[in-house]
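Here's my_file.cif, which has mmCIF, C-alpha atoms:
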data_input
#
loop_
_atom_site.label_atom_id
_atom_site.label_comp_id
_atom_site.auth_asym_id
_atom_site.auth_seq_id
_atom_site.Cartn_x
_atom_site.Cartn_y
_atom_site.Cartn_z
CA MET A 1 120.37 79.05 101.57
CA GLN A 2 118.63 75.81 102.34
CA ALA A 3 115.93 77.46 104.42
CA ASP A 4 115.07 79.68 101.46
CA SER A 5 114.33 76.69 99.28
CA SER A 6 111.13 76.62 97.35
CA ASP A 7 110.31 73.36 99.10
CA LEU A 8 110.18 75.04 102.52
CA ILE A 9 108.13 77.90 101.16
CA GLN A 10 105.69 75.58 99.41
CA ARG A 11 105.28 73.49 102.53
CA ALA A 12 104.70 76.59 104.62
CA GLN A 13 102.14 77.78 102.06
CA GLN A 14 100.33 74.49 102.61
CA GLY A 15 100.17 75.23 106.33
CA ASP A 16 103.27 73.33 107.50
CA GLN A 17 104.31 75.13 110.68
CA ALA A 18 107.63 73.27 110.93
CA ALA A 19 108.59 74.57 107.50
CA PHE A 20 107.56 78.06 108.49
CA GLU A 21 109.62 77.81 111.66
CA ALA A 22 112.64 76.90 109.54
CA LEU A 23 112.01 80.02 107.47
CA TYR A 24 111.70 82.02 110.69
CA ARG A 25 115.04 80.66 111.98
CA ALA A 26 116.71 81.56 108.71
CA HIS A 27 115.42 85.12 108.58
CA VAL A 28 114.72 86.30 112.12
CA GLY A 29 118.11 87.95 112.53
CA ARG A 30 117.61 90.10 109.47
CA VAL A 31 114.00 90.94 110.27
CA TYR A 32 114.81 91.82 113.88
CA ALA A 33 117.79 93.97 112.85
CA LEU A 34 115.53 95.89 110.49
CA CYS A 35 112.85 96.40 113.15
CA LEU A 36 115.41 97.37 115.78
CA ARG A 37 117.14 99.93 113.60
CA LEU A 38 113.87 101.42 112.34
CA THR A 39 112.39 101.81 115.82
CA ALA A 40 115.45 102.16 118.08
CA ASP A 41 113.39 100.29 120.63
CA ARG A 42 114.28 96.71 121.58
CA ALA A 43 110.91 95.72 123.05
CA ARG A 44 109.02 97.27 120.14
CA ALA A 45 111.37 95.58 117.68
CA GLU A 46 110.59 92.20 119.23
CA GLU A 47 106.85 92.85 118.93
CA LEU A 48 107.17 94.02 115.34
CA THR A 49 109.33 91.03 114.44
CA GLN A 50 106.59 88.74 115.69
CA ASP A 51 103.94 90.79 113.88
CA ALA A 52 105.95 90.59 110.66
CA PHE A 53 106.22 86.81 110.78
CA VAL A 54 102.54 86.40 111.66
CA ARG A 55 101.64 88.63 108.75
CA ALA A 56 104.02 86.70 106.48
CA TRP A 57 102.25 83.50 107.50
CA GLU A 58 98.85 85.04 106.76
CA ARG A 59 99.99 86.29 103.37
CA LEU A 60 102.16 83.39 102.26
CA ALA A 61 99.58 82.45 99.66
CA SER A 62 100.20 85.78 97.92
CA PHE A 63 103.93 85.01 97.52
CA ARG A 64 104.32 83.76 93.98
CA GLY A 65 108.10 83.79 93.68
CA GLU A 66 108.40 86.85 91.43
CA SER A 67 111.08 88.11 93.83
CA ALA A 68 113.29 86.35 96.37
CA PHE A 69 111.41 85.25 99.46
CA SER A 70 113.84 87.29 101.59
CA SER A 71 113.09 90.48 99.62
CA TRP A 72 109.36 89.84 99.95
CA LEU A 73 109.69 89.24 103.68
CA TYR A 74 111.82 92.33 104.36
CA ARG A 75 109.49 94.62 102.43
CA LEU A 76 106.57 93.15 104.32
CA THR A 77 108.48 93.86 107.54
CA VAL A 78 109.01 97.50 106.57
CA ASN A 79 105.29 97.75 105.83
CA VAL A 80 104.45 96.27 109.22
CA VAL A 81 106.71 98.79 110.97
CA PHE A 82 105.28 101.76 109.09
CA LEU A 83 101.73 100.49 109.43
CA GLY A 84 102.16 100.40 113.19
CA GLN A 85 103.42 103.94 113.18
CA ARG A 86 100.65 105.25 110.94
CA ALA A 87 98.00 103.63 113.08
CA GLY A 88 99.37 105.44 116.09
CA GLN A 89 99.96 102.20 117.89
CA ARG A 90 103.40 103.12 119.05
CA ARG A 91 103.84 103.35 122.72
CA ALA A 92 105.71 106.19 124.32
CA LEU A 93 109.00 106.31 122.49
CA ARG A 94 111.67 104.47 124.37
CA VAL A 95 114.75 105.65 122.57
CA PHE A 96 117.94 104.13 123.77
CA THR A 97 121.35 105.37 122.96
CA THR A 98 124.08 104.76 125.47
CA GLU A 99 121.56 103.53 128.04
CA ASP A 100 120.94 100.31 126.15
CA PRO A 101 124.03 99.51 124.11
CA ALA A 102 123.55 95.77 124.63
CA ALA A 103 120.78 95.78 122.05
CA PHE A 104 123.33 95.94 119.24
CA GLU A 105 126.05 93.78 120.76
CA ARG A 106 127.15 90.88 118.64
CA PRO A 107 129.28 88.33 120.47
CA GLY A 108 132.18 87.08 118.41
CA ASP A 109 132.92 90.26 116.45
CA ALA A 110 136.41 91.75 116.61
CA VAL A 111 136.65 94.39 119.33
CA SER A 112 137.90 97.17 117.04
CA THR A 113 135.12 96.54 114.53
CA VAL A 114 132.47 96.44 117.23
CA ALA A 115 133.62 99.70 118.80
CA GLY A 116 133.22 101.71 115.61
CA GLN A 117 129.99 100.01 114.62
CA LEU A 118 128.46 100.42 118.06
CA ASP A 119 129.22 104.14 117.94
CA LEU A 120 127.43 104.30 114.60
CA GLU A 121 124.51 102.15 115.81
CA ARG A 122 124.03 104.38 118.85
CA ALA A 123 124.19 107.51 116.73
CA ILE A 124 121.61 106.06 114.32
CA ALA A 125 119.35 105.12 117.23
CA ALA A 126 119.50 108.70 118.51
CA LEU A 127 118.33 110.21 115.20
CA PRO A 128 114.85 111.70 114.92
CA PRO A 129 112.45 108.95 113.70
CA GLY A 130 111.92 110.22 110.15
CA ALA A 131 115.61 110.74 109.48
CA ARG A 132 116.48 107.41 111.10
CA GLU A 133 113.98 105.45 109.02
CA VAL A 134 115.20 106.84 105.72
CA PHE A 135 118.87 106.46 106.66
CA VAL A 136 118.38 102.83 107.70
CA LEU A 137 116.47 101.95 104.56
CA HIS A 138 118.78 103.83 102.16
CA ASP A 139 122.29 103.55 103.57
CA VAL A 140 122.03 100.34 105.61
CA GLU A 141 119.51 98.32 103.64
CA GLY A 142 120.16 99.69 100.18
CA TYR A 143 116.66 100.79 99.23
CA ARG A 144 116.27 103.55 96.63
CA HIS A 145 114.48 106.80 97.32
CA HIS A 146 111.45 105.97 95.19
CA GLU A 147 111.04 102.69 97.07
CA ILE A 148 111.34 104.42 100.44
CA ALA A 149 108.86 107.06 99.32
CA ARG A 150 106.33 104.39 98.36
CA LEU A 151 106.84 102.32 101.50
CA ASN A 152 106.72 105.27 103.86
CA GLY A 153 104.05 107.31 102.09
CA ILE A 154 106.30 110.32 101.57
CA ALA A 155 107.60 112.24 98.56
CA VAL A 156 110.94 111.34 96.98
CA GLY A 157 112.19 114.82 97.82
CA THR A 158 111.26 114.31 101.46
CA SER A 159 113.14 111.02 101.49
CA LYS A 160 116.26 112.74 100.17
CA ALA A 161 115.94 115.62 102.61
CA GLN A 162 115.61 113.21 105.54
CA LEU A 163 118.63 111.23 104.38
CA PHE A 164 120.85 114.27 104.07
CA ARG A 165 119.65 115.53 107.45
CA ALA A 166 120.42 112.14 108.99
CA ARG A 167 123.93 112.12 107.51
CA ARG A 168 124.56 115.65 108.81
CA LEU A 169 123.42 114.71 112.32
CA LEU A 170 125.45 111.49 112.27
CA ARG A 171 128.62 113.28 111.15
CA GLU A 172 128.14 115.75 113.98
CA ALA A 173 127.51 113.00 116.53
CA LEU A 174 130.45 110.86 115.44
CA SER A 175 132.90 113.76 115.36
CA LYS A 176 132.35 114.58 119.04
CA MET B 1 133.28 122.82 107.56
CA MET B 2 130.91 122.07 104.69
CA CYS B 3 129.33 124.99 102.82
CA ASN B 4 125.63 124.72 103.77
CA GLU B 5 124.41 125.63 100.31
CA TRP B 6 126.32 122.66 98.85
CA GLU B 7 124.92 120.01 101.21
CA THR B 8 122.42 118.52 98.75
CA GLN B 9 124.83 118.44 95.82
CA LEU B 10 127.62 116.91 97.92
CA ASN B 11 125.32 114.15 99.15
CA GLU B 12 124.12 113.46 95.61
CA TYR B 13 127.76 113.51 94.48
CA VAL B 14 128.67 110.88 97.06
CA ASP B 15 125.64 108.81 96.05
CA GLY B 16 126.62 109.04 92.39
CA THR B 17 123.23 110.38 91.37
CA LEU B 18 124.30 113.68 89.81
CA ALA B 19 124.12 114.32 86.08
CA ALA B 20 127.42 115.05 84.34
CA GLU B 21 126.99 118.81 84.32
CA ALA B 22 126.07 119.05 88.00
CA ARG B 23 128.89 116.69 88.86
CA ALA B 24 131.37 118.91 87.05
CA LEU B 25 130.12 121.91 89.04
CA VAL B 26 130.60 120.06 92.31
CA GLU B 27 134.10 118.96 91.35
CA ALA B 28 134.99 122.54 90.43
CA HIS B 29 133.78 123.69 93.84
CA LEU B 30 135.66 120.90 95.61
CA ALA B 31 138.88 121.92 93.92
CA GLY B 32 138.81 125.20 95.79
CA CYS B 33 137.04 124.28 99.07
CA ALA B 34 138.93 122.24 101.66
CA GLY B 35 135.90 122.14 103.99
CA CYS B 36 133.69 120.47 101.39
CA ARG B 37 136.48 118.07 100.39
CA ALA B 38 136.72 116.98 104.03
CA ALA B 39 132.93 116.66 104.18
CA VAL B 40 132.94 114.39 101.14
CA VAL B 41 135.55 112.16 102.80
CA GLU B 42 133.39 111.99 105.94
CA LEU B 43 130.23 111.30 103.96
CA ARG B 44 131.90 108.47 102.05
CA ALA B 45 133.17 106.94 105.28
CA LEU B 46 129.72 107.22 106.83
CA VAL B 47 127.97 105.64 103.85
CA ALA B 48 130.52 102.82 103.72
CA GLY B 49 130.22 102.27 107.48
CA ALA B 50 126.45 102.05 107.27
CA ALA B 51 126.61 99.58 104.40
CA ASP B 52 129.06 97.45 106.39
CA LEU B 53 126.87 97.18 109.47
CA PRO B 54 125.87 93.57 110.12
CA LYS B 55 122.60 92.74 108.42
CA ARG B 56 121.61 90.30 111.14
CA ILE B 57 121.06 90.93 114.85
CA GLU B 58 119.66 88.04 116.82
CA PRO B 59 116.93 88.98 119.32
CA ALA B 60 117.82 88.50 122.98
CA ARG B 61 115.02 85.98 123.42
CA ASP B 62 113.38 83.38 121.23
CA LEU B 63 110.37 84.99 119.56
CA TRP B 64 109.10 81.85 117.88
CA THR B 65 106.88 80.72 120.77
CA GLY B 66 104.76 83.85 120.53
CA ILE B 67 104.56 83.54 116.75
CA ALA B 68 103.63 79.86 116.88
CA ALA B 69 100.80 80.62 119.30
CA ARG B 70 99.36 83.15 116.86
CA VAL B 71 99.69 81.12 113.67
CA GLY B 72 98.66 77.80 115.15
CA LYS B 73 95.02 78.04 114.17
CA ARG B 74 95.51 78.45 110.43
CA GLU B 75 93.94 75.65 108.47
CA VAL B 76 95.86 73.62 105.90
CA ARG B 77 94.55 74.41 102.45
CA ASN B 78 94.49 71.77 99.79
CA GLY B 79 92.29 70.76 96.91
CA LYS B 80 90.83 67.74 98.65
CA ARG B 81 89.16 69.87 101.30
CA TRP B 82 86.84 71.37 98.71
CA TRP B 83 83.81 71.02 100.95
CA ARG B 84 85.48 73.05 103.68
CA THR B 85 86.31 75.77 101.15
CA ALA B 86 82.73 75.72 99.93
CA LEU B 87 81.40 76.11 103.45
CA ALA B 88 83.81 78.98 104.09
CA ALA B 89 82.71 80.67 100.88
CA ALA B 90 79.09 80.31 101.88
CA ALA B 91 79.82 81.73 105.31
CA THR B 92 81.73 84.70 103.97
CA LEU B 93 78.97 85.40 101.48
CA VAL B 94 76.60 85.70 104.40
CA ILE B 95 79.05 88.01 106.16
CA GLY B 96 79.46 90.01 102.98
CA PHE B 97 75.75 90.41 102.65
CA ALA B 98 75.51 91.51 106.28
CA VAL B 99 78.22 94.11 105.68
CA TYR B 100 76.42 95.25 102.56
CA ARG B 101 73.18 95.68 104.48
CA LEU B 102 74.98 97.89 106.97
CA LEU B 103 76.37 100.15 104.28
CA PRO B 104 74.75 103.41 103.20
CA PRO B 105 73.03 103.41 99.80
CA PHE B 106 75.47 103.72 96.93
CA ALA B 107 75.25 106.35 94.20
CA ALA B 108 72.19 105.88 92.07
CA HIS B 109 74.12 105.70 88.82
CA TYR B 110 75.41 102.27 89.78
CA ARG B 111 71.88 100.96 89.98
CA PRO B 112 70.36 99.23 86.95
CA VAL B 113 66.94 100.86 87.21
CA GLY B 114 65.96 102.63 84.01
CA GLU B 115 69.20 101.98 82.20
CA GLY B 116 70.22 99.60 79.48
CA TRP B 117 71.78 96.38 80.65
CA LEU B 118 75.05 96.90 78.78
CA ALA B 119 75.42 100.38 80.26
CA VAL B 120 74.85 99.02 83.76
CA GLU B 121 77.45 96.31 83.23
CA ALA B 122 79.96 98.84 81.89
CA GLN B 123 79.40 101.15 84.84
CA TYR B 124 79.87 98.31 87.25
CA GLU B 125 83.10 97.21 85.56
CA GLN B 126 84.47 100.74 85.61
CA ALA B 127 83.60 101.31 89.27
CA SER B 128 84.93 97.92 90.25
CA ASP B 129 88.22 98.46 88.41
CA GLU B 130 88.74 101.94 89.84
CA LEU B 131 88.03 100.83 93.39
CA THR B 132 90.18 97.72 93.06
CA ARG B 133 93.12 99.86 91.90
CA ALA B 134 92.55 102.35 94.71
CA LEU B 135 92.37 99.56 97.26
CA ALA B 136 95.54 97.94 95.92
CA THR B 137 97.55 101.05 96.80
CA GLU B 138 96.04 101.42 100.25
CA ARG B 139 95.49 97.84 101.41
CA ASP B 140 98.56 97.87 103.63
CA ARG B 141 96.80 100.41 105.83
CA LEU B 142 94.21 97.77 106.75
CA ALA B 143 94.72 95.30 109.56
CA PRO B 144 95.75 91.84 108.29
CA ALA B 145 92.59 90.29 109.68
CA THR B 146 90.49 92.86 107.79
CA VAL B 147 92.39 92.18 104.55
CA ALA B 148 91.88 88.45 104.95
CA LEU B 149 88.15 88.86 105.56
CA LEU B 150 87.84 91.31 102.68
CA GLU B 151 89.60 88.93 100.29
CA ARG B 152 87.40 86.04 101.31
CA ASN B 153 84.28 88.16 100.82
CA LEU B 154 85.41 89.43 97.43
CA ALA B 155 86.24 85.89 96.33
CA ALA B 156 82.79 84.72 97.38
CA ILE B 157 81.08 87.60 95.57
CA ASP B 158 83.17 86.99 92.44
CA ALA B 159 82.14 83.35 92.50
CA ALA B 160 78.48 84.35 92.82
CA LEU B 161 78.92 86.83 89.95
CA ARG B 162 80.48 84.19 87.70
CA GLU B 163 77.68 81.72 88.37
CA SER B 164 74.96 84.32 87.79
CA ARG B 165 76.57 85.53 84.57
CA ASP B 166 76.97 82.00 83.27
CA ALA B 167 73.31 81.35 83.96
CA LEU B 168 72.33 84.65 82.32
CA ALA B 169 74.41 83.78 79.24
CA ARG B 170 72.32 80.63 78.87
CA ASP B 171 69.05 82.52 79.42
CA PRO B 172 69.65 86.17 78.41
CA GLU B 173 66.04 87.30 78.78
CA ASN B 174 65.63 86.05 82.35
CA VAL B 175 64.84 89.14 84.42
CA GLU B 176 65.45 87.38 87.72
CA LEU B 177 68.95 86.37 86.66
CA ARG B 178 69.67 89.95 85.62
CA GLY B 179 68.60 91.00 89.08
CA LEU B 180 70.98 88.48 90.63
CA VAL B 181 73.92 89.72 88.53
CA ALA B 182 73.11 93.34 89.32
CA SER B 183 72.79 92.56 93.01
CA ALA B 184 76.14 90.75 93.19
CA ALA B 185 77.84 93.48 91.17
CA ARG B 186 76.42 96.18 93.42
CA GLU B 187 77.48 94.21 96.45
CA LYS B 188 81.06 94.02 95.19
CA VAL B 189 81.22 97.74 94.44
CA GLU B 190 79.78 98.57 97.85
CA LEU B 191 82.27 96.33 99.60
CA LEU B 192 85.21 97.77 97.66
CA ARG B 193 83.96 101.26 98.36
CA TRP B 194 83.72 100.52 102.06
CA ALA B 195 87.23 99.01 102.13
CA THR B 196 88.84 101.93 100.32
CA ARG B 197 87.07 104.37 102.63
CA VAL B 198 88.34 102.52 105.71
CA ALA B 199 91.86 102.21 104.27
CA THR B 200 92.32 105.86 103.34
#
Go through the file and emit its structure as structure tokens.
Amino acid sequence: MQADSSDLIQRAQQGDQAAFEALYRAHVGRVYALCLRLTADRARAEELTQDAFVRAWERLASFRGESAFSSWLYRLTVNVVFLGQRAGQRRALRVFTTEDPAAFERPGDAVSTVAGQLDLERAIAALPPGAREVFVLHDVEGYRHHEIARLNGIAVGTSKAQLFRARRLLREALSK
Amino acid sequence: MMCNEWETQLNEYVDGTLAAEARALVEAHLAGCAGCRAAVVELRALVAGAADLPKRIEPARDLWTGIAARVGKREVRNGKRWWRTALAAAATLVIGFAVYRLLPPFAAHYRPVGEGWLAVEAQYEQASDELTRALATERDRLAPATVALLERNLAAIDAALRESRDALARDPENVELRGLVASAAREKVELLRWATRVAT
């Protein structure tokens, strides 16, 4: 991806805002999707997306290219989301399920695909926070349990228990 | 209907994380349990569906404006602006000293009084290493602005330590230089200690 080029990253590390904006344009969809699925709250996801990019800007100097920039950015995003939760900065939980289906709508997708995926998105959004976070990170984003445990400050066993609980609740919700 | 007592094993089976023996046990159970076979089919469909969800969702509004307003004040860093860096280091050293003055006294065994110089240095290194490791695991609990300030202060103290040690190496018997090294070392330990306490 052109926007992931080392040139853009290096320029952004030197303080070039235009280069950083190009990185933002390239990655905002992925970062926002992560925030939205982790919080099930559109307004909060927008705030956290902005927080994640501001933090990325502040910490760009610490990115040394040992991993892909995208991996670094997404892990930083997860940290920002969990940091907000730990600090008790979350506002009253505004869970949406069927009340706010537009949050997950993606114009241009085939209708049949969207229908099934929207059902799943709504069911994920309705999960209890702990189960939802682990499910999103493990089954949607592909993180391993030891990574989730480290990011979320929980035990590996707790991560597994939350995942299996989430899957049970989702199967129940989707079979109705 | 899945057998409740098999929930964990069936999930691990679907994830492919079971050892051979446990996997064989699950497969033996599945051979005789239609409910668990159906559950495995559902679990596989769920896991596949989750993995197939789009990785990108565009926000309903452009978020860049708010980000640009917050990052706009960051200074460009380059080697030619050495004087600006030097001024910043001097400023943060002052801040660091102010923070240090606000801190409670540290444990007496980190102080050089009455101890051999090598022992004092070793104690400082040990404390510094332990606190740095502790802080590394907890730093994400600190606000970004706090982390940035902390890093600038630590960098300034490290620079002061290097200069003092270099001077002491040239004049090993200079008591005043020893005092400077000890002071900077104590300052670093105190700052690390404060940061780890705030972060945890």
**Asked** Expanded to explicit residues, what is the PyMOL selection byres ((chain A) within 6 of (chain B)) for this file, as a PyMOL selection string?
**Response** chain A and resi 14-15+29-30+33+50+139-140
**Request:** Please measure the separation of CA of Ser70 in chain A and CA of Arg25 in chain A, giving the value in Å to one decimal.
**Result:**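 Going from CA of Ser70 in chain A over to CA of Arg25 in chain A covers 12.4 Å.
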**Message:** Show me, as a ChimeraX atom specification, the residues that have an atom within 9 Å of Leu180 in chain B when counting all atoms listed in the file, minus same-chain residues fewer than 4 positions from it.
**Reply:** /B:160-161,164-165,175-176,184-185
**Asked** Looking at A:Leu127, A:Leu38, A:Val136, A:Leu83, which one is nearest to Arg165 in chain A, with distances taken over only C-alpha atoms?
**Response**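 With only C-alpha atoms as the atom set, the closest residue is A:Leu127.
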**Counting all atoms listed in the file, the residue of A:Glu66, A:Glu147, A:Asp41, A:Glu47 that sits nearest Pro129 in chain A** =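 Smallest separation from Pro129 in chain A among the options: A:Asp41.
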**Asked** If we count all atoms listed in the file, what is near Leu8 in chain A at a cut-off of 10 Å, once residues fewer than 2 positions away on the same chain are taken out, given as a list in words?
**Response**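 Once the nearby chain positions are removed, what remains is Gln2, Ala3, Asp4, Ser5, Ser6, Gln10, Arg11, Ala12, Gln13, Gln14, Asp16, Ala18, Ala19, Phe20, Glu21, Ala22 and Leu23 of chain A.
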**Prompt:** Which residues fall under the PyMOL selection byres ((chain A and resi 159) around 9) in this file, as a PyMOL selection string?
**Reply:** chain A and resi 130-131+134-135+145-146+148-149+152+154-158+160-164
**Message:** Can you measure CA of Leu170 in chain A to CA of Gly84 in chain A for me? One decimal in Å is fine.
**Reply:** 25.8 Å
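CA of Leu191 in chain B sits 12.9 Å away from CA of Ala134 in chain B.
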Draw an axis-aligned box over all listed atoms of range 14-28 of chain B, pad each side with 4 Å, and write its centre and edge lengths in Å, one decimal, as AutoDock Vina command-line options.
--center_x 129.1 --center_y 115.7 --center_z 90.7 --size_x 19.8 --size_y 21.7 --size_z 20.7
**Item:** Answer key for the PyMOL selection byres ((chain A and resi 174) around 8), residues as a list in words
**Value:**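 For this structure, the PyMOL selection byres ((chain A and resi 174) around 8) captures Asp119, Leu120, Ala123, Leu170, Arg171, Glu172, Ala173, Ser175 and Lys176 of chain A.
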**Message:** Report as number ranges by chain all protein, DNA and RNA residues lying within 9 Å of Arg132 in chain A, evaluated on only C-alpha atoms, omitting residues in the same chain fewer than 6 positions from it.
**Reply:** A: 37-40, 124-126, 162-163, 166
Since we have the selection now, will you write its residues out, keeping C-alpha atoms, as a PDB file, in the frame of the given file?
ATOM      1  CA  ARG A  37     117.140  99.930 113.600  1.00  0.00           C
ATOM      2  CA  LEU A  38     113.870 101.420 112.340  1.00  0.00           C
ATOM      3  CA  THR A  39     112.390 101.810 115.820  1.00  0.00           C
ATOM      4  CA  ALA A  40     115.450 102.160 118.080  1.00  0.00           C
ATOM      5  CA  ILE A 124     121.610 106.060 114.320  1.00  0.00           C
ATOM      6  CA  ALA A 125     119.350 105.120 117.230  1.00  0.00           C
ATOM      7  CA  ALA A 126     119.500 108.700 118.510  1.00  0.00           C
ATOM      8  CA  GLN A 162     115.610 113.210 105.540  1.00  0.00           C
ATOM      9  CA  LEU A 163     118.630 111.230 104.380  1.00  0.00           C
ATOM     10  CA  ALA A 166     120.420 112.140 108.990  1.00  0.00           C
TER      11      ALA A 166
END
